[in-house]
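Colleague: Got a structure here, written out as structure tokens. Questions coming.
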Amino acid sequence: MIDLRSDTLTQPTEQMREAMLHAPVGDDVYGDDPTVNSLEERVASMFGHEAALFTPSGSMANQLAIRELVKPGEELITESFAHIVRAELGAGAALSGITTRTWPATGGLLRWQDPIELARPDSGPYLVSTTAIAIENTHNFGGGTIQPIEEIAQLRSESLKLGMAMHLDGARIWNAHVESGVSFIEYGKHFDTISVCLSKGLGAPVGSLMIADKEKIASARVWRKRFGGGMRQIGILAAAGHFALDNNILQLKDDHVRARSIAHAAHQAASSTVNPNDVDTNIVVIDLAGSHKSAAEVSAELKAAGILASALGPKFLRLVTHLGIDDNDVAKVNAVLPELLDSAFKLQ
Ligand SMILES: *Cc1c(COP(=O)(O)O)cnc(C)c1O
């Protein structure tokens with residue numbers, strides 16, 4: 001099976017497993033795991049921040065960050081299809097008592113005016129006050145799109161004036177960086193808190209980090225334990241993270257080239273499904289609007305041909321390239337997918 005459902009499906013390689021095997025470890029709840037400590041220091045300084053906290057998932061890193069920025073009853077705003085509001089099971093409300101509102105954006109792409117128009121900071125005793133804005137980069141359901149750094153910078157200066165904090169859901173910030181050339185420090189400086197994932201395109205089996213100043217990380221460490229995320233000899237997991245940062249960042253570019261190749265093939269068969277120029281990184285969103293097939297039907301046909309893709313909406317099919325996908329796999333996808341799309345759009 002050629003598995004394009006997600007870049008979370010990567011398998012740790014032999015070399016990564018070797019690195020995990022020999023990692024020095026200690027009890028991380030006691031702060032005694034040297035491999036975790038060095039990973040936290042490394043990732044914090046990569047983004048120009050003081051401290052970081054290793055978490056079992058990106059959702060936990062996001063949720064710990066949000067609760068540091070937004071008090072119960074206050075509001076976080078984000079884009080309508082952001083992972084934080086669409087794919088974390090209402091955790092902000094369920095775990096931290098916060099409310100959210102969203103603005104819509106084509107491809108999830110940020111225009112700094114959108115959140116500023118929606119935001120209601122310091123709303124007094126009658127209306128909900130907005131205290132933080134979350135930006136997703138790259139934007140998953142937007143099709144792996146890269147947020148323009150100019151929009152981020154402008155939003156930062158406008159939101160600072162209004163006293164609102166900013167969180168970066170940087171699960172795939174690595175993909176944004178290799179493609180845009182914008183440094184991690186540059187991305188990092190516009191945000192109060194950041195989450196990053198090691199277990200997506202970077203290929204580690206587990207692990208995310210929340211990044212912030214020392215004070216917020218100390219508080220998030222308490223909440224991580226409270227959420228049941230205090231872990232013990234997890235240096236073996238942090239070692240996979242170190243290995244991923246050492247070896248797997250630059251190869252993300254290959255994933256991007258492969259995704260674009262799939263998008264080209266799809267576009268040639270049915271031009272309305274995807275614009276290859278919109279495929280910035282490793283995610284191809286196929287829009288089946290106007291066809292007589294659902295995403296579930298096309299996904300079932302792909303499966304019969306040995307290809308797995310995600311049907312994330314009635315007409316929304318997602319294909320994601322990653323470490324486990326090579327040029328031969330892409331050639332096979334490009335031989336199968338166009339034909340299926342062609343038939344999905346054919347007049348009956
Ligand atoms: C994957 C992902 C996360 C974290 O997901 P987990 O499954 O909780 O690790 C967060 N944000 C985005 C945009 C993601 O794609």
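Going by the structure tokens order, chains are called A, B, ..., each with residues numbered from 1, while ligands are numbered from 1 in the order shown.
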Residues at most 7 Å from segment 309-324 of chain A, counting only C-alpha atoms, excluding those fewer than 3 positions away in the same chain, as a tab-separated table (two decimals) with all heavy atoms, in the first residue's frame?
Modeller:
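Saved result, out-v6.tsv, follows:
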```
chain	number	residue	atom	x	y	z
A	3	ASP	N	0.82	4.71	1.24
A	3	ASP	CA	-0.02	5.35	2.26
A	3	ASP	C	0.18	6.86	2.31
A	3	ASP	O	1.15	7.36	2.88
A	3	ASP	CB	0.27	4.71	3.62
A	3	ASP	CG	-0.89	4.89	4.57
A	3	ASP	OD1	-1.72	5.80	4.32
A	3	ASP	OD2	-0.99	4.13	5.55
A	4	LEU	N	-0.78	7.57	1.71
A	4	LEU	CA	-0.70	9.03	1.65
A	4	LEU	C	-1.71	9.69	2.58
A	4	LEU	O	-2.04	10.86	2.42
A	4	LEU	CB	-0.94	9.50	0.21
A	4	LEU	CG	0.08	9.02	-0.84
A	4	LEU	CD1	-0.42	9.29	-2.25
A	4	LEU	CD2	1.43	9.67	-0.63
A	5	ARG	N	-2.20	8.91	3.57
A	5	ARG	CA	-3.22	9.48	4.47
A	5	ARG	C	-2.64	10.61	5.31
A	5	ARG	O	-3.33	11.57	5.62
A	5	ARG	CB	-3.80	8.40	5.37
A	5	ARG	CG	-4.76	7.45	4.65
A	5	ARG	CD	-5.16	6.31	5.56
A	5	ARG	NE	-3.99	5.55	6.00
A	5	ARG	CZ	-3.99	4.68	7.00
A	5	ARG	NH1	-5.09	4.44	7.68
A	5	ARG	NH2	-2.88	4.04	7.31
A	6	SER	N	-1.38	10.46	5.75
A	6	SER	CA	-0.79	11.50	6.60
A	6	SER	C	0.72	11.32	6.68
A	6	SER	O	1.24	10.21	6.46
A	6	SER	CB	-1.38	11.42	8.01
A	6	SER	OG	-0.75	12.35	8.86
A	7	ASP	N	1.42	12.40	7.04
A	7	ASP	CA	2.86	12.27	7.31
A	7	ASP	C	3.13	11.82	8.74
A	7	ASP	O	4.28	11.73	9.18
A	7	ASP	CB	3.61	13.58	6.99
A	7	ASP	CG	2.94	14.80	7.60
A	7	ASP	OD1	1.97	14.64	8.36
A	7	ASP	OD2	3.38	15.93	7.30
A	10	THR	N	4.91	7.80	9.10
A	10	THR	CA	6.30	7.41	8.89
A	10	THR	C	6.77	6.40	9.93
A	10	THR	O	6.38	6.46	11.10
A	10	THR	CB	7.22	8.65	8.99
A	10	THR	OG1	6.91	9.33	10.20
A	10	THR	CG2	7.02	9.58	7.81
A	201	GLY	N	6.47	14.99	9.28
A	201	GLY	CA	7.46	14.74	8.24
A	201	GLY	C	8.86	14.45	8.74
A	201	GLY	O	9.66	13.87	8.02
A	203	GLY	N	9.65	12.37	10.96
A	203	GLY	CA	9.78	10.92	11.05
A	203	GLY	C	10.02	10.30	12.41
A	203	GLY	O	10.26	9.10	12.50
A	255	ASP	N	9.80	15.78	-0.31
A	255	ASP	CA	8.36	15.54	-0.12
A	255	ASP	C	7.55	16.59	-0.88
A	255	ASP	O	6.50	16.28	-1.46
A	255	ASP	CB	7.97	15.62	1.36
A	255	ASP	CG	8.65	14.55	2.22
A	255	ASP	OD1	9.19	13.58	1.63
A	255	ASP	OD2	8.64	14.69	3.45
A	258	ARG	N	7.48	15.98	-4.61
A	258	ARG	CA	6.59	14.85	-4.92
A	258	ARG	C	5.12	15.26	-4.83
A	258	ARG	O	4.31	14.86	-5.66
A	258	ARG	CB	6.89	13.68	-3.99
A	258	ARG	CG	8.26	13.07	-4.27
A	258	ARG	CD	8.60	11.88	-3.39
A	258	ARG	NE	9.93	11.41	-3.73
A	258	ARG	CZ	10.96	11.32	-2.88
A	258	ARG	NH1	10.79	11.64	-1.59
A	258	ARG	NH2	12.14	10.91	-3.28
A	259	ALA	N	4.80	16.07	-3.83
A	259	ALA	CA	3.40	16.52	-3.69
A	259	ALA	C	2.99	17.35	-4.90
A	259	ALA	O	1.90	17.20	-5.45
A	259	ALA	CB	3.24	17.34	-2.40
A	282	ASN	N	3.94	19.62	1.47
A	282	ASN	CA	3.77	18.17	1.26
A	282	ASN	C	2.31	17.71	1.27
A	282	ASN	O	2.06	16.51	1.39
A	282	ASN	CB	4.56	17.39	2.32
A	282	ASN	CG	3.99	17.59	3.73
A	282	ASN	OD1	3.48	18.67	4.04
A	282	ASN	ND2	4.07	16.58	4.56
A	283	ILE	N	1.36	18.64	1.22
A	283	ILE	CA	-0.05	18.27	1.32
A	283	ILE	C	-0.79	18.66	0.04
A	283	ILE	O	-0.67	19.80	-0.41
A	283	ILE	CB	-0.72	18.94	2.54
A	283	ILE	CG1	-0.01	18.48	3.83
A	283	ILE	CG2	-2.21	18.63	2.60
A	283	ILE	CD1	-0.51	19.16	5.10
A	284	VAL	N	-1.50	17.69	-0.53
A	284	VAL	CA	-2.30	17.97	-1.73
A	284	VAL	C	-3.76	17.80	-1.35
A	284	VAL	O	-4.18	16.71	-0.95
A	284	VAL	CB	-1.96	17.00	-2.89
A	284	VAL	CG1	-2.75	17.37	-4.14
A	284	VAL	CG2	-0.46	17.00	-3.17
A	285	VAL	N	-4.53	18.88	-1.44
A	285	VAL	CA	-5.96	18.80	-1.20
A	285	VAL	C	-6.66	18.75	-2.55
A	285	VAL	O	-6.48	19.63	-3.39
A	285	VAL	CB	-6.44	20.01	-0.37
A	285	VAL	CG1	-7.95	20.13	-0.42
A	285	VAL	CG2	-5.98	19.87	1.07
A	286	ILE	N	-7.42	17.69	-2.77
A	286	ILE	CA	-8.16	17.52	-4.02
A	286	ILE	C	-9.62	17.91	-3.75
A	286	ILE	O	-10.27	17.33	-2.89
A	286	ILE	CB	-8.12	16.04	-4.49
A	286	ILE	CG1	-6.67	15.55	-4.64
A	286	ILE	CG2	-8.95	15.84	-5.76
A	286	ILE	CD1	-5.99	15.94	-5.92
A	287	ASP	N	-10.09	18.92	-4.48
A	287	ASP	CA	-11.45	19.41	-4.32
A	287	ASP	C	-12.33	18.74	-5.38
A	287	ASP	O	-12.16	18.98	-6.57
A	287	ASP	CB	-11.45	20.93	-4.49
A	287	ASP	CG	-12.84	21.53	-4.30
A	287	ASP	OD1	-13.79	20.76	-4.04
A	287	ASP	OD2	-12.96	22.75	-4.43
A	288	LEU	N	-13.26	17.91	-4.93
A	288	LEU	CA	-14.10	17.16	-5.86
A	288	LEU	C	-15.43	17.86	-6.16
A	288	LEU	O	-16.33	17.27	-6.77
A	288	LEU	CB	-14.36	15.75	-5.32
A	288	LEU	CG	-13.10	14.86	-5.27
A	288	LEU	CD1	-13.34	13.63	-4.43
A	288	LEU	CD2	-12.66	14.48	-6.67
A	289	ALA	N	-15.55	19.13	-5.72
A	289	ALA	CA	-16.77	19.89	-6.00
A	289	ALA	C	-17.02	19.90	-7.51
A	289	ALA	O	-16.11	20.12	-8.29
A	289	ALA	CB	-16.63	21.32	-5.49
A	294	SER	N	-18.02	11.29	-4.42
A	294	SER	CA	-17.63	11.84	-3.13
A	294	SER	C	-16.16	11.50	-2.88
A	294	SER	O	-15.59	10.62	-3.55
A	294	SER	CB	-18.48	11.23	-2.02
A	294	SER	OG	-18.16	9.86	-1.89
A	295	ALA	N	-15.59	12.18	-1.90
A	295	ALA	CA	-14.20	11.90	-1.53
A	295	ALA	C	-14.08	10.45	-1.05
A	295	ALA	O	-13.09	9.77	-1.34
A	295	ALA	CB	-13.75	12.86	-0.44
A	296	ALA	N	-15.10	9.97	-0.35
A	296	ALA	CA	-15.07	8.58	0.15
A	296	ALA	C	-15.05	7.59	-1.01
A	296	ALA	O	-14.33	6.58	-0.97
A	296	ALA	CB	-16.28	8.33	1.06
A	299	SER	N	-11.65	7.76	-2.68
A	299	SER	CA	-10.68	7.15	-1.78
A	299	SER	C	-10.79	5.62	-1.81
A	299	SER	O	-9.78	4.91	-1.78
A	299	SER	CB	-10.88	7.74	-0.38
A	299	SER	OG	-10.64	6.81	0.60
```
Colleague: Excluding same-chain residues fewer than 4 positions from segment 98-107 of chain A, what lies within 6 Å of it counting only C-alpha atoms, as a list in words?
Modeller: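 In the requested format, the answer is Pro72, Gly73, Glu74, Glu75, Leu76, Ile77, Thr78, Glu79, Ser80, Gly92, Ala93 and Gly142 of chain A.
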Colleague: Would you save the residues from that selection as a PDB file, in the first residue's frame, using N, CA, C and O atoms?
Modeller:
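The resulting again.pdb:
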```pdb
ATOM      1  N   PRO A  72      -9.714  31.074  31.679  1.00  0.00           N
ATOM      2  CA  PRO A  72     -11.076  30.541  31.520  1.00  0.00           C
ATOM      3  C   PRO A  72     -12.071  31.672  31.224  1.00  0.00           C
ATOM      4  O   PRO A  72     -12.019  32.727  31.855  1.00  0.00           O
ATOM      5  N   GLY A  73     -12.946  31.440  30.239  1.00  0.00           N
ATOM      6  CA  GLY A  73     -13.946  32.438  29.880  1.00  0.00           C
ATOM      7  C   GLY A  73     -13.448  33.471  28.886  1.00  0.00           C
ATOM      8  O   GLY A  73     -14.236  34.235  28.331  1.00  0.00           O
ATOM      9  N   GLU A  74     -12.136  33.509  28.658  1.00  0.00           N
ATOM     10  CA  GLU A  74     -11.603  34.412  27.635  1.00  0.00           C
ATOM     11  C   GLU A  74     -11.562  33.672  26.292  1.00  0.00           C
ATOM     12  O   GLU A  74     -11.872  32.485  26.214  1.00  0.00           O
ATOM     13  N   GLU A  75     -11.144  34.436  25.276  1.00  0.00           N
ATOM     14  CA  GLU A  75     -11.304  33.931  23.916  1.00  0.00           C
ATOM     15  C   GLU A  75      -9.989  33.848  23.143  1.00  0.00           C
ATOM     16  O   GLU A  75      -9.168  34.756  23.179  1.00  0.00           O
ATOM     17  N   LEU A  76      -9.885  32.729  22.409  1.00  0.00           N
ATOM     18  CA  LEU A  76      -8.815  32.549  21.424  1.00  0.00           C
ATOM     19  C   LEU A  76      -9.457  32.638  20.055  1.00  0.00           C
ATOM     20  O   LEU A  76     -10.514  32.039  19.827  1.00  0.00           O
ATOM     21  N   ILE A  77      -8.846  33.373  19.123  1.00  0.00           N
ATOM     22  CA  ILE A  77      -9.381  33.375  17.760  1.00  0.00           C
ATOM     23  C   ILE A  77      -8.376  32.739  16.815  1.00  0.00           C
ATOM     24  O   ILE A  77      -7.161  32.815  17.021  1.00  0.00           O
ATOM     25  N   THR A  78      -8.904  32.075  15.782  1.00  0.00           N
ATOM     26  CA  THR A  78      -8.054  31.404  14.815  1.00  0.00           C
ATOM     27  C   THR A  78      -8.823  31.213  13.515  1.00  0.00           C
ATOM     28  O   THR A  78     -10.006  31.556  13.430  1.00  0.00           O
ATOM     29  N   GLU A  79      -8.165  30.658  12.516  1.00  0.00           N
ATOM     30  CA  GLU A  79      -8.809  30.448  11.216  1.00  0.00           C
ATOM     31  C   GLU A  79      -9.792  29.265  11.322  1.00  0.00           C
ATOM     32  O   GLU A  79      -9.584  28.344  12.096  1.00  0.00           O
ATOM     33  N   SER A  80     -10.862  29.296  10.518  1.00  0.00           N
ATOM     34  CA  SER A  80     -11.962  28.317  10.662  1.00  0.00           C
ATOM     35  C   SER A  80     -11.544  26.851  10.580  1.00  0.00           C
ATOM     36  O   SER A  80     -12.171  26.007  11.187  1.00  0.00           O
ATOM     37  N   GLY A  92      -9.820  22.945  24.068  1.00  0.00           N
ATOM     38  CA  GLY A  92      -9.721  24.259  24.706  1.00  0.00           C
ATOM     39  C   GLY A  92     -10.874  24.497  25.659  1.00  0.00           C
ATOM     40  O   GLY A  92     -10.688  25.003  26.771  1.00  0.00           O
ATOM     41  N   ALA A  93     -12.083  24.112  25.228  1.00  0.00           N
ATOM     42  CA  ALA A  93     -13.263  24.249  26.089  1.00  0.00           C
ATOM     43  C   ALA A  93     -13.280  23.183  27.177  1.00  0.00           C
ATOM     44  O   ALA A  93     -13.514  23.468  28.349  1.00  0.00           O
ATOM     45  N   GLY A 142      -5.708  23.690   4.990  1.00  0.00           N
ATOM     46  CA  GLY A 142      -5.592  24.659   3.894  1.00  0.00           C
ATOM     47  C   GLY A 142      -4.777  24.100   2.739  1.00  0.00           C
ATOM     48  O   GLY A 142      -4.639  24.748   1.706  1.00  0.00           O
TER      49      GLY A 142
END
```
Colleague: With distances taken over only C-alpha atoms and all ligand atoms, which of A:Glu136, A:Glu151, A:Asp246, A:Glu179 is nearest to ligand 1?
Modeller: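 For ligand 1, the nearest of the candidates is A:Glu136.
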Colleague: Neighbours of ligand 1 at 6 Å or closer, counting only C-alpha atoms and all ligand atoms: which residues, as a ChimeraX atom specification?
Modeller: /A:57-59,83,136,140,169,171
Colleague: Restricting the output to N, CA and C atoms, write the selected residues as an mmCIF file, in the first residue's frame.
Modeller:
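Just written: part-v4.cif:
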```cif
data_model
loop_
_atom_site.group_PDB
_atom_site.id
_atom_site.type_symbol
_atom_site.label_atom_id
_atom_site.label_comp_id
_atom_site.auth_asym_id
_atom_site.auth_seq_id
_atom_site.Cartn_x
_atom_site.Cartn_y
_atom_site.Cartn_z
ATOM 1 N N SER A 57 2.148 14.704 22.410
ATOM 2 C CA SER A 57 1.452 14.995 21.150
ATOM 3 C C SER A 57 1.478 16.492 20.866
ATOM 4 N N GLY A 58 1.202 16.808 19.598
ATOM 5 C CA GLY A 58 1.091 18.215 19.218
ATOM 6 C C GLY A 58 -0.138 18.846 19.834
ATOM 7 N N SER A 59 -1.194 18.067 19.962
ATOM 8 C CA SER A 59 -2.402 18.608 20.597
ATOM 9 C C SER A 59 -2.094 19.050 22.022
ATOM 10 N N HIS A 83 -6.318 23.370 13.020
ATOM 11 C CA HIS A 83 -6.269 22.116 13.780
ATOM 12 C C HIS A 83 -6.777 22.328 15.207
ATOM 13 N N GLU A 136 -1.634 28.883 12.223
ATOM 14 C CA GLU A 136 -1.127 27.546 11.866
ATOM 15 C C GLU A 136 -0.208 27.662 10.643
ATOM 16 N N ASN A 140 -2.556 22.919 7.685
ATOM 17 C CA ASN A 140 -2.875 21.541 7.307
ATOM 18 C C ASN A 140 -4.073 21.445 6.363
ATOM 19 N N ASP A 169 0.872 27.409 15.880
ATOM 20 C CA ASP A 169 0.777 25.955 15.732
ATOM 21 C C ASP A 169 1.730 25.593 14.599
ATOM 22 N N ALA A 171 3.210 22.700 13.870
ATOM 23 C CA ALA A 171 3.394 21.255 13.693
ATOM 24 C C ALA A 171 4.297 20.984 12.489
#
```
Colleague: Let's see if you can do this: from backbone DSSP, list all helix (DSSP H, G or I) residues in segment 19-167 of chain A, as a ChimeraX atom specification.
Modeller: /A:19-21,28-30,34-46,58-69,83-86,91-96,106-108,113-118,149-161
Colleague: For segment 210-269 of chain A versus segment 26-36 of chain A, which residues have an atom no more than 6 Å away, and what is each residue's nearest atom pair and distance in Å rounded to one decimal, using only C-alpha atoms, chain-then-number order, as JSON lines?
Modeller:
```
{"residue": "A:Gly230", "atom": "CA", "partner": "A:Val29", "partner_atom": "CA", "distance": 5.8}
{"residue": "A:Arg232", "atom": "CA", "partner": "A:Asp27", "partner_atom": "CA", "distance": 4.4}
{"residue": "A:Gln233", "atom": "CA", "partner": "A:Asp27", "partner_atom": "CA", "distance": 5.1}
{"residue": "A:Gly235", "atom": "CA", "partner": "A:Thr35", "partner_atom": "CA", "distance": 4.8}
{"residue": "A:Ala238", "atom": "CA", "partner": "A:Val36", "partner_atom": "CA", "distance": 5.3}
```
Colleague: Could you tell me how far atom CA of Arg156 of chain A lies from atom CA of Met46 of chain A, in Å and to one decimal?
Modeller: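 If I compute the distance from atom CA of Arg156 of chain A to atom CA of Met46 of chain A, I get 19.8 Å.
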Colleague: Taking only C-alpha atoms into account, name the residue in A:Ala51, A:Ala266, A:Ile2, A:Glu117 that is nearest to Leu302 of chain A.
Modeller: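 Smallest separation from Leu302 of chain A among the options: A:Ile2.
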Colleague: When you draw a straight line from atom CA of Lys293 of chain A to atom CA of Ala344 of chain A, how long is it in Å?
Modeller: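 Those two atoms sit 5.5 Å apart.
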Colleague: Per DSSP on the backbone, filter segment 97-260 of chain A down to the residues in strand (DSSP E or B) and report them as a ChimeraX atom specification.
Modeller: /A:99-103,130-136,139,145,165-170,193-197,208-212
Colleague: Could you write out that same residue set with C-alpha atoms as an mmCIF file, in the first residue's frame?
Modeller:
```cif
data_model
loop_
_atom_site.group_PDB
_atom_site.id
_atom_site.type_symbol
_atom_site.label_atom_id
_atom_site.label_comp_id
_atom_site.auth_asym_id
_atom_site.auth_seq_id
_atom_site.Cartn_x
_atom_site.Cartn_y
_atom_site.Cartn_z
ATOM 1 C CA THR A 99 -14.005 30.042 24.121
ATOM 2 C CA THR A 100 -13.057 30.401 20.470
ATOM 3 C CA ARG A 101 -14.224 32.285 17.397
ATOM 4 C CA THR A 102 -12.883 31.876 13.892
ATOM 5 C CA TRP A 103 -12.351 33.776 10.668
ATOM 6 C CA THR A 130 -10.054 38.158 22.972
ATOM 7 C CA THR A 131 -6.670 37.500 24.550
ATOM 8 C CA ALA A 132 -4.827 35.425 21.960
ATOM 9 C CA ILE A 133 -4.593 34.648 18.249
ATOM 10 C CA ALA A 134 -3.392 31.268 16.940
ATOM 11 C CA ILE A 135 -1.747 30.918 13.529
ATOM 12 C CA GLU A 136 -1.127 27.546 11.866
ATOM 13 C CA HIS A 139 -1.813 25.182 7.349
ATOM 14 C CA THR A 145 0.075 26.378 2.723
ATOM 15 C CA ALA A 165 -0.749 37.302 22.569
ATOM 16 C CA MET A 166 0.101 35.100 19.597
ATOM 17 C CA HIS A 167 0.485 31.310 19.414
ATOM 18 C CA LEU A 168 2.055 29.443 16.498
ATOM 19 C CA ASP A 169 0.777 25.955 15.732
ATOM 20 C CA GLY A 170 4.002 24.983 14.026
ATOM 21 C CA THR A 193 4.196 30.364 22.423
ATOM 22 C CA ILE A 194 4.937 27.791 19.714
ATOM 23 C CA SER A 195 4.191 24.110 19.233
ATOM 24 C CA VAL A 196 6.255 21.907 16.915
ATOM 25 C CA CYS A 197 5.861 18.208 15.967
ATOM 26 C CA SER A 208 6.144 17.466 20.133
ATOM 27 C CA LEU A 209 7.426 20.470 22.009
ATOM 28 C CA MET A 210 5.862 23.595 23.420
ATOM 29 C CA ILE A 211 8.228 26.583 23.263
ATOM 30 C CA ALA A 212 7.939 29.824 25.293
#
```
Colleague: By how many Å are atom CA of Ile173 of chain A and atom CA of Ser272 of chain A apart?
Modeller: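 Result for atom CA of Ile173 of chain A versus atom CA of Ser272 of chain A: 27.9 Å, one decimal.
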Colleague: From the options A:Lys161, A:Glu50, A:Ile217, A:Asp280, which residue's atoms come nearest to Pro148 of chain A, counting only C-alpha atoms?
Modeller: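 The answer is A:Asp280, which sits nearest to Pro148 of chain A.
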Colleague: Taking only C-alpha atoms into account, name the residue in A:Asn334, A:Glu68, A:Leu340, A:Val128 that is nearest to Glu297 of chain A.
Modeller: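 Ranking A:Asn334, A:Glu68, A:Leu340, A:Val128 by distance to Glu297 of chain A, first place goes to A:Leu340.
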Colleague: May I ask which of the residues A:Val182, A:Leu109, A:Val206, A:Met60 is the closest one to Leu89 of chain A, counting only C-alpha atoms?
Modeller: A:Met60
Colleague: Neighbouring residues of Ser157 of chain A were defined as those with any atom within 12 Å, considering only C-alpha atoms; residues of the same chain fewer than 2 positions away were excluded. Please report them as a ChimeraX atom specification.
Modeller: /A:112-113,116,150-155,159-166,189-191
